[in-house]
file query.tsv (TSV, C-alpha atoms)
chain	number	residue	atom	x	y	z
A	11	MET	CA	23.01	-65.09	17.12
A	12	THR	CA	21.11	-61.80	16.75
A	13	LEU	CA	22.86	-58.59	15.74
A	14	ALA	CA	22.25	-57.04	19.17
A	15	ARG	CA	23.69	-60.06	20.97
A	16	SER	CA	26.70	-60.17	18.65
A	17	LEU	CA	27.39	-56.51	19.35
A	18	SER	CA	27.00	-56.92	23.09
A	19	VAL	CA	29.35	-59.91	23.48
A	20	GLN	CA	31.92	-58.37	21.15
A	21	TRP	CA	31.85	-55.06	22.94
A	22	LEU	CA	32.06	-56.65	26.39
A	23	ALA	CA	35.08	-58.66	25.31
A	24	THR	CA	36.68	-55.56	23.84
A	25	VAL	CA	36.06	-53.54	26.99
A	26	TYR	CA	37.73	-56.30	28.99
A	27	VAL	CA	40.69	-56.61	26.59
A	28	ALA	CA	41.08	-52.83	26.36
A	29	GLY	CA	40.84	-52.49	30.15
A	30	VAL	CA	43.54	-55.09	30.80
A	31	SER	CA	45.73	-53.67	28.02
A	32	MET	CA	45.45	-50.12	29.30
A	33	LEU	CA	46.15	-51.17	32.89
A	34	MET	CA	49.23	-53.02	31.66
A	35	THR	CA	50.33	-49.93	29.72
A	36	PHE	CA	49.84	-47.66	32.73
A	37	PHE	CA	51.73	-50.09	34.94
A	38	LEU	CA	54.67	-50.38	32.54
A	39	ALA	CA	54.80	-46.63	31.86
A	40	ARG	CA	54.82	-45.76	35.58
A	41	SER	CA	57.28	-48.52	36.47
A	42	PHE	CA	59.89	-47.89	33.77
A	43	GLY	CA	59.58	-44.10	33.35
A	44	PRO	CA	59.31	-42.00	30.15
A	45	GLU	CA	62.75	-42.86	28.71
A	46	THR	CA	62.55	-46.66	29.04
A	47	PHE	CA	58.86	-46.64	28.12
A	48	GLY	CA	59.81	-44.65	25.02
A	49	ARG	CA	62.40	-47.30	24.13
A	50	TYR	CA	59.85	-50.08	24.68
A	51	SER	CA	57.29	-48.25	22.51
A	52	TYR	CA	59.89	-47.84	19.76
A	53	ILE	CA	60.67	-51.60	19.75
A	54	ILE	CA	56.96	-52.46	19.74
A	55	THR	CA	56.42	-50.07	16.85
A	56	LEU	CA	59.15	-51.71	14.74
A	57	ALA	CA	57.77	-55.18	15.51
A	58	ALA	CA	54.23	-54.03	14.70
A	59	LEU	CA	55.41	-52.75	11.33
A	60	PHE	CA	56.96	-56.15	10.59
A	61	ALA	CA	53.80	-57.89	11.85
A	62	ILE	CA	52.00	-56.51	8.80
A	63	LEU	CA	54.21	-58.75	6.66
A	64	GLN	CA	53.56	-61.65	9.03
A	65	ASP	CA	49.82	-61.17	8.58
A	66	GLY	CA	50.17	-60.66	4.83
A	67	GLY	CA	46.57	-59.50	4.48
A	68	PHE	CA	45.28	-62.97	5.42
A	69	LYS	CA	43.42	-61.76	8.52
A	70	THR	CA	41.03	-59.64	6.44
A	71	LEU	CA	40.82	-62.19	3.64
A	72	LEU	CA	39.90	-64.99	6.07
A	73	PHE	CA	37.16	-62.85	7.62
A	74	ARG	CA	35.78	-61.88	4.20
A	75	GLU	CA	35.92	-65.34	2.62
A	76	PHE	CA	34.42	-67.17	5.60
A	77	THR	CA	31.59	-64.58	5.58
A	78	SER	CA	30.83	-64.71	1.85
A	79	PRO	CA	33.26	-66.55	-0.46
A	80	SER	CA	34.37	-64.74	-3.60
A	81	LEU	CA	37.35	-66.95	-4.55
A	82	SER	CA	37.17	-70.33	-6.26
A	83	LEU	CA	39.42	-71.66	-3.50
A	84	LYS	CA	37.50	-73.00	-0.51
A	85	PRO	CA	37.82	-70.81	2.64
A	86	GLU	CA	38.94	-73.83	4.69
A	87	LYS	CA	42.12	-74.05	2.59
A	88	LEU	CA	43.05	-70.45	3.28
A	89	LEU	CA	44.01	-70.97	6.94
A	90	PRO	CA	46.83	-73.51	6.26
A	91	CYS	CA	48.17	-71.13	3.57
A	92	ALA	CA	48.00	-68.23	6.02
A	93	LEU	CA	49.89	-70.21	8.68
A	94	GLY	CA	52.56	-71.27	6.16
A	95	HIS	CA	53.04	-67.66	5.10
A	96	LEU	CA	53.25	-66.56	8.76
A	97	LEU	CA	55.89	-69.18	9.59
A	98	MET	CA	58.12	-68.28	6.62
A	99	ILE	CA	57.98	-64.53	7.24
A	100	THR	CA	58.61	-64.90	10.99
A	101	VAL	CA	61.69	-67.08	10.44
A	102	MET	CA	62.93	-64.60	7.82
A	103	GLY	CA	62.44	-61.64	10.19
A	104	ILE	CA	64.27	-63.28	13.08
A	105	SER	CA	67.12	-64.35	10.76
A	106	ILE	CA	67.55	-60.85	9.32
A	107	THR	CA	67.52	-59.32	12.80
A	108	LEU	CA	70.12	-61.85	13.97
A	109	LEU	CA	72.46	-61.40	11.01
A	110	PHE	CA	72.43	-57.63	10.59
A	111	PRO	CA	73.58	-54.89	12.99
A	112	VAL	CA	70.12	-53.96	14.27
A	113	GLN	CA	69.62	-51.79	17.37
A	114	ASP	CA	68.09	-53.63	20.37
A	115	LYS	CA	68.55	-56.92	18.49
A	116	GLY	CA	67.54	-59.26	21.31
A	117	TYR	CA	64.41	-57.31	22.24
A	118	LEU	CA	63.37	-57.06	18.60
A	119	MET	CA	63.69	-60.82	17.95
A	120	LEU	CA	61.52	-61.52	21.00
A	121	ALA	CA	58.98	-58.92	19.86
A	122	ILE	CA	58.81	-60.41	16.35
A	123	SER	CA	58.20	-63.86	17.86
A	124	ALA	CA	55.44	-62.51	20.11
A	125	PHE	CA	53.73	-60.70	17.24
A	126	GLY	CA	53.95	-63.85	15.12
A	127	LEU	CA	52.05	-65.85	17.71
A	128	GLY	CA	49.61	-62.97	18.08
A	129	THR	CA	49.02	-63.05	14.32
A	130	ALA	CA	48.15	-66.76	14.50
A	131	ALA	CA	45.63	-65.89	17.23
A	132	ASN	CA	44.18	-63.19	14.97
A	133	PHE	CA	43.71	-65.74	12.17
A	134	ILE	CA	41.56	-67.82	14.52
A	135	SER	CA	39.52	-64.72	15.38
A	136	SER	CA	38.94	-63.98	11.69
A	137	VAL	CA	37.68	-67.51	11.01
A	138	LEU	CA	35.28	-67.39	13.97
A	139	LYS	CA	33.96	-63.93	13.02
A	140	GLY	CA	33.55	-64.97	9.39
A	141	LYS	CA	31.44	-67.93	10.50
A	142	GLY	CA	29.32	-65.55	12.60
A	143	ASP	CA	30.45	-67.18	15.87
A	144	PHE	CA	30.99	-63.84	17.64
A	145	ASN	CA	30.39	-65.35	21.09
A	146	ARG	CA	33.26	-67.83	20.83
A	147	GLU	CA	35.50	-65.21	19.23
A	148	ALA	CA	34.84	-62.82	22.11
A	149	TRP	CA	35.83	-65.50	24.64
A	150	TRP	CA	38.95	-66.28	22.60
A	151	ARG	CA	40.17	-62.68	22.74
A	152	ALA	CA	39.44	-62.44	26.47
A	153	ILE	CA	41.39	-65.65	27.14
A	154	ILE	CA	44.34	-64.46	25.05
A	155	ARG	CA	44.55	-61.13	26.88
A	156	SER	CA	44.24	-62.79	30.29
A	157	LEU	CA	47.00	-65.32	29.64
A	158	THR	CA	49.42	-62.79	28.14
A	159	GLY	CA	48.73	-60.34	30.96
A	160	VAL	CA	49.32	-62.96	33.64
A	161	GLY	CA	52.45	-64.14	31.82
A	162	ILE	CA	53.96	-60.65	31.70
A	163	ILE	CA	53.18	-59.74	35.32
A	164	SER	CA	54.36	-63.13	36.65
A	165	LEU	CA	57.71	-63.01	34.90
A	166	LEU	CA	58.38	-59.37	35.77
A	167	PHE	CA	57.75	-59.94	39.47
A	168	PHE	CA	59.08	-63.46	39.93
A	169	VAL	CA	62.01	-63.53	37.49
A	170	SER	CA	63.35	-60.05	36.67
A	171	PHE	CA	61.93	-56.57	36.16
A	172	GLN	CA	63.57	-56.13	32.73
A	173	LEU	CA	62.15	-55.36	29.28
A	174	GLU	CA	62.91	-58.79	27.82
A	175	TRP	CA	60.55	-60.49	30.27
A	176	ILE	CA	57.63	-58.46	28.93
A	177	PHE	CA	58.10	-60.10	25.52
A	178	ILE	CA	58.75	-63.55	27.01
A	179	GLY	CA	55.54	-63.18	29.04
A	180	TRP	CA	53.65	-62.37	25.83
A	181	ILE	CA	55.10	-65.41	24.08
A	182	THR	CA	54.25	-67.70	27.00
A	183	GLY	CA	50.63	-66.53	27.14
A	184	PHE	CA	50.12	-66.89	23.38
A	185	LEU	CA	51.66	-70.38	23.33
A	186	ILE	CA	49.44	-71.67	26.13
A	187	ALA	CA	46.31	-70.29	24.43
A	188	LEU	CA	47.18	-71.63	20.98
A	189	ILE	CA	48.17	-75.10	22.21
A	190	PHE	CA	45.02	-75.67	24.23
A	191	GLN	CA	42.40	-74.00	21.98
A	192	ARG	CA	39.96	-76.30	20.14
A	193	SER	CA	38.05	-73.83	17.97
A	194	VAL	CA	40.22	-74.12	14.85
A	195	SER	CA	42.68	-76.82	13.82
A	196	LEU	CA	46.25	-75.54	13.43
A	197	LYS	CA	47.71	-78.91	12.43
A	198	LYS	CA	47.88	-78.12	8.71
A	199	ILE	CA	50.49	-75.60	7.66
A	200	LEU	CA	51.01	-75.33	3.92
A	201	ILE	CA	54.33	-73.98	2.71
A	202	VAL	CA	53.88	-74.28	-1.01
A	203	ARG	CA	54.44	-72.28	-4.13
A	204	PRO	CA	52.40	-69.05	-3.82
A	205	ASN	CA	48.85	-69.43	-5.11
A	206	SER	CA	48.36	-66.63	-7.66
A	207	GLN	CA	44.65	-66.29	-6.89
A	208	ILE	CA	45.25	-65.87	-3.17
A	209	TYR	CA	48.13	-63.46	-3.56
A	210	ARG	CA	46.27	-61.32	-6.07
A	211	SER	CA	43.52	-60.99	-3.49
A	212	ILE	CA	45.80	-60.12	-0.59
A	213	ALA	CA	48.12	-57.79	-2.52
A	214	ALA	CA	45.82	-54.79	-2.04
A	215	LEU	CA	44.92	-55.86	1.52
A	216	LEU	CA	48.61	-56.14	2.41
A	217	THR	CA	49.30	-52.74	0.87
A	218	ILE	CA	46.48	-51.28	2.95
A	219	ASP	CA	47.81	-52.82	6.16
A	220	ILE	CA	51.39	-51.69	5.51
A	221	ALA	CA	50.43	-48.13	4.55
A	222	THR	CA	47.94	-47.83	7.43
A	223	LEU	CA	50.37	-49.04	10.07
A	224	ILE	CA	53.17	-46.86	8.69
A	225	TYR	CA	50.80	-43.92	8.96
A	226	PHE	CA	49.73	-44.80	12.52
A	227	LYS	CA	53.16	-45.77	13.86
A	228	ILE	CA	55.62	-43.64	11.89
A	229	ASP	CA	55.06	-40.75	14.31
A	230	ILE	CA	56.89	-42.57	17.10
A	231	VAL	CA	59.73	-43.68	14.81
A	232	MET	CA	60.21	-40.15	13.43
A	233	LEU	CA	60.01	-38.58	16.89
A	234	ARG	CA	62.77	-40.99	17.93
A	235	HIS	CA	65.04	-39.88	15.08
A	236	ILE	CA	64.21	-36.22	14.38
A	237	GLY	CA	62.74	-35.24	17.75
A	238	GLU	CA	64.73	-33.93	20.66
A	239	SER	CA	64.70	-36.86	23.11
A	240	LEU	CA	63.34	-40.27	24.07
A	241	ASN	CA	61.19	-38.47	26.63
A	242	GLU	CA	59.23	-36.93	23.74
A	243	VAL	CA	58.61	-40.43	22.38
A	244	GLY	CA	57.31	-41.47	25.79
A	245	PHE	CA	55.01	-38.43	26.07
A	246	TYR	CA	53.57	-38.99	22.59
A	247	ALA	CA	53.24	-42.75	23.15
A	248	ALA	CA	51.27	-42.11	26.34
A	249	ALA	CA	48.86	-39.70	24.61
A	250	SER	CA	48.44	-41.93	21.57
A	251	ARG	CA	47.64	-44.93	23.78
A	252	ILE	CA	44.60	-43.04	25.07
A	253	LEU	CA	43.46	-42.46	21.48
A	254	GLU	CA	44.14	-46.09	20.56
A	255	GLY	CA	42.04	-47.17	23.53
A	256	VAL	CA	39.06	-45.20	22.22
A	257	ILE	CA	39.43	-46.64	18.70
A	258	PHE	CA	39.96	-50.14	20.06
A	259	LEU	CA	36.61	-50.00	21.84
A	260	LEU	CA	34.90	-49.25	18.53
A	261	PHE	CA	36.41	-52.08	16.51
A	262	PRO	CA	34.02	-54.85	17.64
A	263	ILE	CA	31.12	-52.75	16.40
A	264	ALA	CA	32.97	-52.24	13.12
A	265	ASN	CA	33.62	-55.99	12.79
A	266	VAL	CA	29.98	-56.91	13.32
A	267	PHE	CA	28.80	-54.28	10.86
A	268	PHE	CA	31.41	-55.36	8.31
A	269	ARG	CA	29.62	-58.70	8.14
A	270	GLU	CA	26.27	-56.94	7.66
A	271	LEU	CA	27.70	-54.64	4.98
A	272	ARG	CA	29.32	-57.59	3.21
A	273	LEU	CA	26.00	-59.46	3.11
A	274	HIS	CA	24.34	-56.37	1.52
A	275	ALA	CA	27.13	-55.76	-1.02
A	276	ASN	CA	25.01	-57.04	-3.91
A	277	ARG	CA	22.12	-54.68	-3.06
A	278	PRO	CA	23.51	-51.15	-3.62
A	279	GLU	CA	20.47	-49.27	-2.32
A	280	LYS	CA	20.35	-51.10	1.01
A	281	PHE	CA	24.13	-51.05	1.27
A	282	ILE	CA	24.39	-47.29	0.83
A	283	GLN	CA	21.49	-46.68	3.23
A	284	LEU	CA	23.20	-48.79	5.90
A	285	THR	CA	26.52	-47.04	5.29
A	286	ILE	CA	24.97	-43.57	5.63
A	287	LYS	CA	23.21	-44.60	8.82
A	288	LEU	CA	26.45	-45.93	10.33
A	289	VAL	CA	28.39	-42.80	9.33
A	290	PHE	CA	25.70	-40.68	11.00
A	291	TYR	CA	26.07	-42.71	14.21
A	292	ALA	CA	29.87	-42.35	13.99
A	293	VAL	CA	29.66	-38.56	13.68
A	294	ALA	CA	27.24	-38.38	16.61
A	295	LEU	CA	29.59	-40.51	18.70
A	296	SER	CA	32.57	-38.29	17.89
A	297	LEU	CA	30.57	-35.21	18.92
A	298	PHE	CA	30.17	-36.83	22.33
A	299	ILE	CA	33.68	-38.31	22.78
A	300	VAL	CA	35.84	-35.40	21.61
A	301	PRO	CA	34.51	-32.63	23.94
A	302	LEU	CA	34.50	-35.05	26.87
A	303	GLY	CA	38.07	-36.12	26.11
A	304	ILE	CA	39.28	-32.53	25.78
A	305	LEU	CA	37.66	-31.67	29.10
A	306	LEU	CA	39.22	-34.63	30.93
A	307	GLY	CA	42.41	-35.17	28.88
A	308	ASP	CA	44.81	-33.54	31.33
A	309	ASP	CA	43.39	-35.48	34.28
A	310	ILE	CA	43.40	-38.73	32.30
A	311	ILE	CA	47.11	-38.42	31.51
A	312	LYS	CA	47.90	-37.65	35.17
A	313	LEU	CA	45.73	-40.47	36.52
A	314	CYS	CA	46.84	-43.13	34.06
A	315	PHE	CA	50.51	-42.39	33.51
A	316	GLY	CA	51.55	-40.13	36.37
A	317	SER	CA	52.82	-36.56	36.62
A	318	ASP	CA	56.04	-37.42	34.70
A	319	TYR	CA	53.93	-37.67	31.55
A	320	GLN	CA	52.18	-34.32	32.00
A	321	PRO	CA	53.60	-32.87	28.73
A	322	GLY	CA	51.54	-35.52	26.94
A	323	SER	CA	48.38	-33.60	27.84
A	324	GLN	CA	49.37	-30.95	25.27
A	325	VAL	CA	49.37	-33.66	22.60
A	326	ILE	CA	46.15	-35.42	23.49
A	327	PHE	CA	44.04	-32.33	22.62
A	328	TRP	CA	45.14	-32.48	18.96
A	329	LEU	CA	44.88	-36.25	18.77
A	330	LEU	CA	41.31	-36.07	20.04
A	331	ILE	CA	40.39	-33.56	17.31
A	332	SER	CA	41.40	-36.18	14.74
A	333	LEU	CA	38.58	-38.41	16.05
A	334	PHE	CA	36.08	-36.19	14.18
A	335	PHE	CA	37.47	-37.82	11.03
A	336	MET	CA	38.87	-41.07	12.42
A	337	ILE	CA	35.61	-42.52	13.77
A	338	PRO	CA	33.62	-42.04	10.52
A	339	ASN	CA	36.65	-43.45	8.67
A	340	ILE	CA	36.26	-46.72	10.60
A	341	VAL	CA	32.80	-47.13	9.04
A	342	LEU	CA	33.94	-46.10	5.56
A	343	THR	CA	36.87	-48.53	5.74
A	344	GLN	CA	34.57	-51.47	6.50
A	345	ALA	CA	32.18	-50.38	3.76
A	346	SER	CA	34.97	-50.06	1.19
A	347	LEU	CA	36.38	-53.52	1.96
A	348	ALA	CA	32.91	-55.08	2.00
A	349	ILE	CA	32.35	-54.11	-1.65
A	350	ASN	CA	35.84	-55.25	-2.75
A	351	ARG	CA	37.08	-51.68	-3.23
A	352	GLU	CA	40.43	-52.59	-1.64
A	353	ASN	CA	42.41	-51.31	-4.64
A	354	HIS	CA	40.94	-47.82	-4.27
A	355	TYR	CA	41.39	-47.96	-0.51
A	356	ALA	CA	45.01	-49.07	-0.96
A	357	LEU	CA	45.72	-45.95	-3.02
A	358	GLY	CA	44.18	-43.84	-0.27
A	359	ALA	CA	46.22	-45.61	2.41
A	360	ILE	CA	49.45	-45.06	0.47
A	361	GLY	CA	48.55	-41.40	-0.03
A	362	ALA	CA	47.79	-41.05	3.68
A	363	ALA	CA	51.12	-42.62	4.68
A	364	LEU	CA	53.10	-40.36	2.34
A	365	LEU	CA	51.15	-37.28	3.44
A	366	ASN	CA	51.70	-38.12	7.11
A	367	ILE	CA	55.44	-38.64	6.63
A	368	ALA	CA	55.74	-35.31	4.79
A	369	LEU	CA	53.76	-33.50	7.49
A	370	ASN	CA	55.90	-35.08	10.21
A	371	PHE	CA	59.12	-33.98	8.51
A	372	TYR	CA	57.80	-30.43	8.47
A	373	LEU	CA	55.92	-30.22	11.78
A	374	ILE	CA	57.96	-32.33	14.24
A	375	PRO	CA	61.13	-30.15	14.14
A	376	ILE	CA	58.95	-27.09	14.80
A	377	TYR	CA	56.31	-28.33	17.24
A	378	GLY	CA	57.65	-31.68	18.48
A	379	PRO	CA	55.01	-34.26	19.53
A	380	LYS	CA	52.23	-31.70	18.99
A	381	GLY	CA	53.29	-31.40	15.35
A	382	ALA	CA	52.90	-35.16	14.86
A	383	ALA	CA	49.40	-34.96	16.32
A	384	ILE	CA	48.43	-32.05	14.03
A	385	GLY	CA	49.66	-34.09	11.06
A	386	THR	CA	47.26	-36.87	12.08
A	387	ILE	CA	44.28	-34.51	11.76
A	388	PHE	CA	45.11	-33.55	8.18
A	389	THR	CA	45.82	-37.16	7.25
A	390	GLU	CA	42.47	-38.42	8.60
A	391	ALA	CA	40.62	-35.63	6.76
A	392	PHE	CA	42.32	-36.69	3.52
A	393	LEU	CA	41.29	-40.32	4.09
A	394	LEU	CA	37.66	-39.36	4.76
A	395	VAL	CA	37.37	-37.58	1.41
A	396	PHE	CA	39.26	-40.24	-0.55
A	397	ILE	CA	37.48	-43.33	0.81
A	398	GLY	CA	34.08	-41.64	0.70
A	399	SER	CA	34.55	-40.68	-2.96
A	400	GLY	CA	35.39	-44.29	-3.80
A	401	ILE	CA	32.16	-45.58	-2.23
A	402	VAL	CA	30.09	-42.91	-3.99
A	403	SER	CA	31.75	-43.80	-7.31
A	404	TRP	CA	30.95	-47.50	-6.77
A	405	TYR	CA	27.32	-46.73	-5.94
A	406	LEU	CA	26.83	-44.51	-9.00
A	407	LYS	CA	28.42	-47.11	-11.25
A	408	ARG	CA	26.36	-49.98	-9.81
A	409	GLY	CA	23.17	-47.92	-10.02
A	410	LYS	CA	23.83	-47.14	-13.66
A	411	THR	CA	24.61	-50.79	-14.45
A	412	GLU	CA	21.45	-52.01	-12.78
A	413	GLY	CA	19.39	-49.37	-14.58
A	414	GLU	CA	20.75	-50.51	-17.96
A	415	SER	CA	20.12	-54.18	-17.14
A	416	GLN	CA	16.49	-53.40	-16.33
call {"tool": "encode", "arguments": {"input": "query.tsv", "output": "structure tokens"}}
result
Amino acid sequence: MTLARSLSVQWLATVYVAGVSMLMTFFLARSFGPETFGRYSYIITLAALFAILQDGGFKTLLFREFTSPSLSLKPEKLLPCALGHLLMITVMGISITLLFPVQDKGYLMLAISAFGLGTAANFISSVLKGKGDFNREAWWRAIIRSLTGVGIISLLFFVSFQLEWIFIGWITGFLIALIFQRSVSLKKILIVRPNSQIYRSIAALLTIDIATLIYFKIDIVMLRHIGESLNEVGFYAAASRILEGVIFLLFPIANVFFRELRLHANRPEKFIQLTIKLVFYAVALSLFIVPLGILLGDDIIKLCFGSDYQPGSQVIFWLLISLFFMIPNIVLTQASLAINRENHYALGAIGAALLNIALNFYLIPIYGPKGAAIGTIFTEAFLLVFIGSGIVSWYLKRGKTEGESQ
């Protein structure tokens, strides 16, 4: 499949998935109101944080190893290990939630189960993308989103309009898709003693995922606990969903170019040229998206979420400013992982998470949701400098090594 065709099918699938996801979000936000939607967003955030442990870094490792193996272990043996890890962590998470006095215990157990099945679906996506089968992967994501969407809507309308049926609808859709898919065999699940080679490889990737998600999701958790009300959580969640929608639309492009960058990792000159070109495109795109978003942000919040969420329009301005750094960072992230600079990136992700938490502690009590958004800008700027310096350092080192070898 050509690069242009891969990009087109991936982007079309992402537009469809993003469209259905956003419509579902708008529907739930309008139907339940800011307070209940804030509670739902809080539960989803906690489950998403735990989902990082369920994934364990395997999603990225599967994509990388099926694209260009760097481990002595065959890529085909990674998937059973990934599924075994997922099963153990999911059972552990549900057990801990059941045994300890956790708030919203029932909802959280359902959410952990749904995210576990979603993680298994992501493993299949990684294998297909690593093999370069972007067409089949695009169809897989579209099918998943369709089935989960239908499951949620059906149960809400025909059973009960309560939060728990959202999670049960998710679970139902994932189960149907996973049972009937034929792209990847899920029959082998290895629960064995941890393979040191695998876990050394995913340690940095897992650190990156944990730190990144903490950074992206901690705003909602901290607003819940040091903000003034659940309404504030709902307002911020609504504004951040708009930003997530923009980023989500860019990920298929990033995935396709990750494969290209990975294949050029042993040719520093071509790699750095491709990286610079992609960063230039990312900056140009942000110069188009940000002014347009600022111009239409207030109307978008009203149209999508309703007048009850109008205070969220004050937040979306600051979140959109962060895109000037966030979009180029998508490219730099793929470039860094493509050249196995995950250790350096992990340090940057940890630094970003700590910086964001510190900024939230200072800014949220003063400015509320707007303070959390301002903290995002500074955090993304930090990441841009840190990741970029790591890639430059790698290039200078590789150039020097190649010069000496010649």
call {"tool": "atom_distance", "arguments": {"input": "query.tsv", "atom1": "CA of Phe177 in chain A", "atom2": "CA of Val325 in chain A"}}
result
28.0 Å
call {"tool": "atom_distance", "arguments": {"input": "query.tsv", "atom1": "CA of Ala92 in chain A", "atom2": "CA of Ile212 in chain A"}}
result
10.7 Å
call {"tool": "closest_residue", "arguments": {"input": "query.tsv", "among": "A:Asn265, A:Gln113, A:Asn276, A:Ser31", "to": "Trp404 in chain A", "atoms": "all atoms listed in the file"}}
result
A:Asn276
call {"tool": "residues_around", "arguments": {"input": "query.tsv", "residues": "Leu369 in chain A", "least_positions_apart": "2", "cutoff": "12 Å", "atoms": "only C-alpha atoms", "output": "PDB file with C-alpha atoms, in the coordinates of the input"}}
result
ATOM      1  CA  TYR A 225      50.800 -43.920   8.960  1.00  0.00           C
ATOM      2  CA  ILE A 228      55.620 -43.640  11.890  1.00  0.00           C
ATOM      3  CA  ASP A 229      55.060 -40.750  14.310  1.00  0.00           C
ATOM      4  CA  MET A 232      60.210 -40.150  13.430  1.00  0.00           C
ATOM      5  CA  ALA A 362      47.790 -41.050   3.680  1.00  0.00           C
ATOM      6  CA  ALA A 363      51.120 -42.620   4.680  1.00  0.00           C
ATOM      7  CA  LEU A 364      53.100 -40.360   2.340  1.00  0.00           C
ATOM      8  CA  LEU A 365      51.150 -37.280   3.440  1.00  0.00           C
ATOM      9  CA  ASN A 366      51.700 -38.120   7.110  1.00  0.00           C
ATOM     10  CA  ILE A 367      55.440 -38.640   6.630  1.00  0.00           C
ATOM     11  CA  PHE A 371      59.120 -33.980   8.510  1.00  0.00           C
ATOM     12  CA  TYR A 372      57.800 -30.430   8.470  1.00  0.00           C
ATOM     13  CA  LEU A 373      55.920 -30.220  11.780  1.00  0.00           C
ATOM     14  CA  ILE A 374      57.960 -32.330  14.240  1.00  0.00           C
ATOM     15  CA  PRO A 375      61.130 -30.150  14.140  1.00  0.00           C
ATOM     16  CA  ILE A 376      58.950 -27.090  14.800  1.00  0.00           C
ATOM     17  CA  TYR A 377      56.310 -28.330  17.240  1.00  0.00           C
ATOM     18  CA  GLY A 378      57.650 -31.680  18.480  1.00  0.00           C
ATOM     19  CA  LYS A 380      52.230 -31.700  18.990  1.00  0.00           C
ATOM     20  CA  GLY A 381      53.290 -31.400  15.350  1.00  0.00           C
ATOM     21  CA  ALA A 382      52.900 -35.160  14.860  1.00  0.00           C
ATOM     22  CA  ALA A 383      49.400 -34.960  16.320  1.00  0.00           C
ATOM     23  CA  ILE A 384      48.430 -32.050  14.030  1.00  0.00           C
ATOM     24  CA  GLY A 385      49.660 -34.090  11.060  1.00  0.00           C
ATOM     25  CA  THR A 386      47.260 -36.870  12.080  1.00  0.00           C
ATOM     26  CA  ILE A 387      44.280 -34.510  11.760  1.00  0.00           C
ATOM     27  CA  PHE A 388      45.110 -33.550   8.180  1.00  0.00           C
ATOM     28  CA  THR A 389      45.820 -37.160   7.250  1.00  0.00           C
TER      29      THR A 389
END
call {"tool": "closest_residue", "arguments": {"input": "query.tsv", "among": "A:Ala214, A:Ile299, A:Leu253, A:Ile349", "to": "Arg277 in chain A", "atoms": "all atoms listed in the file"}}
result
A:Ile349
call {"tool": "closest_residue", "arguments": {"input": "query.tsv", "among": "A:Thr70, A:Thr77, A:Thr24, A:Gln191", "to": "Ile257 in chain A", "atoms": "all atoms listed in the file"}}
result
A:Thr24
call {"tool": "closest_residue", "arguments": {"input": "query.tsv", "among": "A:Gly43, A:Pro379, A:Pro90, A:Gly316", "to": "Val137 in chain A", "atoms": "all atoms listed in the file"}}
result
A:Pro90
